[in-house]
Every structure is written in structure tokens, then in C-alpha cells.
Amino acid sequence: MNGVKATVDKINGIAARVLPLTMAGCTAVLVLLNPSSLAARIAGDTLTGDVINMAILVVCVVGWADVIWHDIRGRLIWPTLPTYIRHRICVGTYSALAGLTGVRAFVAASSSTWEVAMLGGYYVVCAAGIGTIAVAIALDPRHGTS
Amino acid sequence: MLCLALGWGVSWGAVAATYPDMIALPWIQIAVGAAIAAWGGATATLGRYLAATYEQKAFLWKAEVIRDGAVSVSVGSGAYMAGWAYELSAPMLGLTLLLAGYGGTRVLSAAV
């Protein structure tokens, strides 16, 4: 049981959450602002793609708020809300990020099979990693100070 | 989960019988689509786990995961075929799969 808790704590660490937030946020900005980038060319230029990127940015903002409040200030985000709701927001944040990253893998398209395989595989791995963080946060009680 | 994903792919392949052979089907895209739908279901499972934890109720992981896995992949299969029939764009179809996987289990939880 201690081993499980140690693993959860490790996955739920600050670095484990900052890295995917940075990765997802930077990729979304890159795709939105730099159409000539490899990521943007493979993702394609569609309205839904832009909506997905904007949604990822919004989710990243919530994720950063959680990191700043929970890890740096030692409190949970939005102290006025009940603990359960805040905990659920945190889990939902990383769940949504994992799902949207998976959608990125799904929409990867290019004339080059190698480019599709490379980027699609990369996003699948990222989605799995972020999903693991979501599960770790769900298993973490988070009855901390508010 | 793997069996469900494979079952989905085969059933979709049977519907898309205009292809000359099974190898021509977009298997990787089908697998990623199944994973997205399954993750939507897993998200709903995590939400129910949190609710059960805070209400100090028993949560049967095995039963919940199997149920949500079956529902999300089945609903995702329907969404995939509907999207294919209505010729949705790939980003729209991907987003639909995620929401269908999440919403399917939510609807079932509300109904049961």
C-alpha cells in the first residue's frame, strides 16, 4: 500500500504536471500562431482544430492555476468552492487534456506516412502520460487546507 | 478492453464493406478512436470514484471499469459510424468520439 502511495505521489509531483501543461500549451500556441510548423501542417487548418487548440489552452490555464495554488501556495484552487468540486475540477482538467491530446493523434494527417506515425505516436504517448496523472490526482485525497 | 476495441473495429469493418479488403481499413485510426472513446468513459469513471470517496461509499473498480469500458467503446463505435456516414471532418469526429465516450457513461449512470 505504501508502494502505491509513493508511486501516486511521484506521478502527482509538480514536475509531472508542469511538463505536460507546458508541452500542451506550447504546442497549441505553435499550431495556432505558426501555420508553417510541422505540428500545424499535420494537424491541418480547420475550425474544429482551432477550437481544440483553444480548449487545450483554457484547460492549461486551469492546470497552471492548480499548480500555483496547490503546490506553490499550499492550498487548493478556488478556496470558496467545496473540496470535492475543486478536486473534481483538477481531475477533469487533466482528463480533458489527455482526451484532447488523444484527439490530436486521431487527426494527424499528412502526405507522409512517417510524419503521421511520428506525431500520432508522440501524441498517444503524451495522452497516456497525462491520463496517468489524472488517475493519480483522483487517487490523491486532497483534503488539504483551503 | 482490447477485445472490445477489436470487436468495434471488426463491426465497423463489416459496415464499411465497400473496401476491397480488410487491410485497407484505417486500423490505426480505429484503434486511436477506440482509445479516445474509452478515455472519455474512464473520465466519467474517475468522477464517480471521487463522488463515492467523498460520500464514503464502496466503489467496485472492476465492475465500474468493465461497465464503462463496454458502454464508452460501444457508444464510440456508434459515433464513429455516424460520423463516417455523415462525412464529418477528422477533428470533429475525434471530438465527437471523446464526448460520446464521456456522455454515454454519464447518461447510463443517470438512467440506472
# chains A, B, ... in the order shown; residues from 1 in each chain; ligands from 1
>>> interface_residues(of="chain A", to="chain B", cutoff="8 Å", atoms="only C-alpha atoms", output="list of chain:residue names")
A:Thr46, A:Thr48, A:Gly49, A:Tyr84, A:Arg88, A:Val91, A:Gly92, A:Ser95, A:Gly99, A:Leu100, A:Gly102, A:Val103, A:Arg104, A:Ala105, A:Phe106, A:Val107, A:Val124, A:Val135, A:Ala138
>>> residues_around(residues="A:Leu21", least_positions_apart="4", cutoff="12 Å", atoms="only C-alpha atoms", output="PyMOL selection string")
chain A and resi 14-17+25-28+56-67+93-94+96-98+101+126-127+129-130+133
>>> write_last_selection(atoms="N, CA and C atoms", output="tab-separated table (two decimals), in the first residue's frame")
chain	number	residue	atom	x	y	z
A	14	ILE	N	4.97	17.91	-8.79
A	14	ILE	CA	4.82	19.17	-9.51
A	14	ILE	C	5.42	19.08	-10.92
A	15	ALA	N	6.59	18.44	-11.05
A	15	ALA	CA	7.23	18.35	-12.36
A	15	ALA	C	6.38	17.53	-13.32
A	16	ALA	N	5.73	16.48	-12.79
A	16	ALA	CA	4.91	15.62	-13.64
A	16	ALA	C	3.72	16.37	-14.21
A	17	ARG	N	3.30	17.44	-13.51
A	17	ARG	CA	2.15	18.19	-14.02
A	17	ARG	C	2.57	19.42	-14.81
A	25	GLY	N	0.47	23.40	-23.87
A	25	GLY	CA	0.26	24.83	-24.12
A	25	GLY	C	1.12	25.34	-25.25
A	26	CYS	N	2.41	24.96	-25.23
A	26	CYS	CA	3.32	25.43	-26.29
A	26	CYS	C	2.90	24.87	-27.65
A	27	THR	N	2.49	23.61	-27.68
A	27	THR	CA	2.06	23.02	-28.95
A	27	THR	C	0.83	23.74	-29.49
A	28	ALA	N	-0.13	24.04	-28.59
A	28	ALA	CA	-1.35	24.73	-29.04
A	28	ALA	C	-1.03	26.11	-29.59
A	56	ILE	N	-7.57	23.43	-25.39
A	56	ILE	CA	-6.36	22.99	-24.69
A	56	ILE	C	-5.73	24.15	-23.91
A	57	LEU	N	-5.72	25.34	-24.51
A	57	LEU	CA	-5.15	26.50	-23.81
A	57	LEU	C	-5.96	26.83	-22.54
A	58	VAL	N	-7.28	26.76	-22.67
A	58	VAL	CA	-8.13	27.04	-21.49
A	58	VAL	C	-7.85	26.01	-20.39
A	59	VAL	N	-7.79	24.73	-20.78
A	59	VAL	CA	-7.51	23.67	-19.81
A	59	VAL	C	-6.14	23.88	-19.17
A	60	CYS	N	-5.16	24.32	-19.99
A	60	CYS	CA	-3.81	24.57	-19.44
A	60	CYS	C	-3.84	25.69	-18.41
A	61	VAL	N	-4.65	26.72	-18.65
A	61	VAL	CA	-4.75	27.82	-17.68
A	61	VAL	C	-5.27	27.28	-16.33
A	62	VAL	N	-6.30	26.43	-16.40
A	62	VAL	CA	-6.84	25.82	-15.17
A	62	VAL	C	-5.76	24.96	-14.50
A	63	GLY	N	-5.03	24.21	-15.34
A	63	GLY	CA	-3.96	23.36	-14.79
A	63	GLY	C	-2.87	24.17	-14.10
A	64	TRP	N	-2.49	25.29	-14.71
A	64	TRP	CA	-1.49	26.16	-14.08
A	64	TRP	C	-2.02	26.76	-12.79
A	65	ALA	N	-3.31	27.11	-12.79
A	65	ALA	CA	-3.91	27.64	-11.56
A	65	ALA	C	-3.81	26.60	-10.45
A	66	ASP	N	-4.06	25.33	-10.79
A	66	ASP	CA	-3.96	24.25	-9.80
A	66	ASP	C	-2.52	24.11	-9.30
A	67	VAL	N	-1.56	24.16	-10.23
A	67	VAL	CA	-0.15	24.02	-9.82
A	67	VAL	C	0.25	25.16	-8.89
A	93	THR	N	-9.57	18.52	-15.37
A	93	THR	CA	-8.61	19.29	-16.16
A	93	THR	C	-7.64	18.38	-16.90
A	94	TYR	N	-7.03	17.46	-16.14
A	94	TYR	CA	-6.04	16.58	-16.77
A	94	TYR	C	-6.71	15.51	-17.63
A	96	ALA	N	-9.41	16.06	-19.43
A	96	ALA	CA	-9.72	16.75	-20.69
A	96	ALA	C	-8.46	16.95	-21.52
A	97	LEU	N	-7.36	17.27	-20.85
A	97	LEU	CA	-6.11	17.48	-21.57
A	97	LEU	C	-5.65	16.18	-22.24
A	98	ALA	N	-5.80	15.07	-21.51
A	98	ALA	CA	-5.42	13.77	-22.09
A	98	ALA	C	-6.31	13.43	-23.28
A	101	THR	N	-5.48	15.66	-26.24
A	101	THR	CA	-4.21	15.24	-26.83
A	101	THR	C	-4.41	13.97	-27.66
A	126	CYS	N	1.90	10.95	-25.09
A	126	CYS	CA	1.62	12.10	-24.22
A	126	CYS	C	0.25	11.96	-23.55
A	127	ALA	N	-0.76	11.53	-24.33
A	127	ALA	CA	-2.10	11.38	-23.78
A	127	ALA	C	-2.11	10.33	-22.68
A	129	GLY	N	0.40	9.50	-20.76
A	129	GLY	CA	1.09	10.07	-19.60
A	129	GLY	C	0.20	11.03	-18.83
A	130	ILE	N	-0.48	11.90	-19.54
A	130	ILE	CA	-1.36	12.87	-18.87
A	130	ILE	C	-2.53	12.15	-18.21
A	133	ILE	N	-1.55	10.91	-14.92
A	133	ILE	CA	-1.56	11.98	-13.92
A	133	ILE	C	-2.98	12.21	-13.41
>>> residues_around(residues="A:Asn53", least_positions_apart="5", cutoff="8 Å", atoms="only C-alpha atoms", output="list in words")
Ala28, Val29, Val31 and Leu32 of chain A
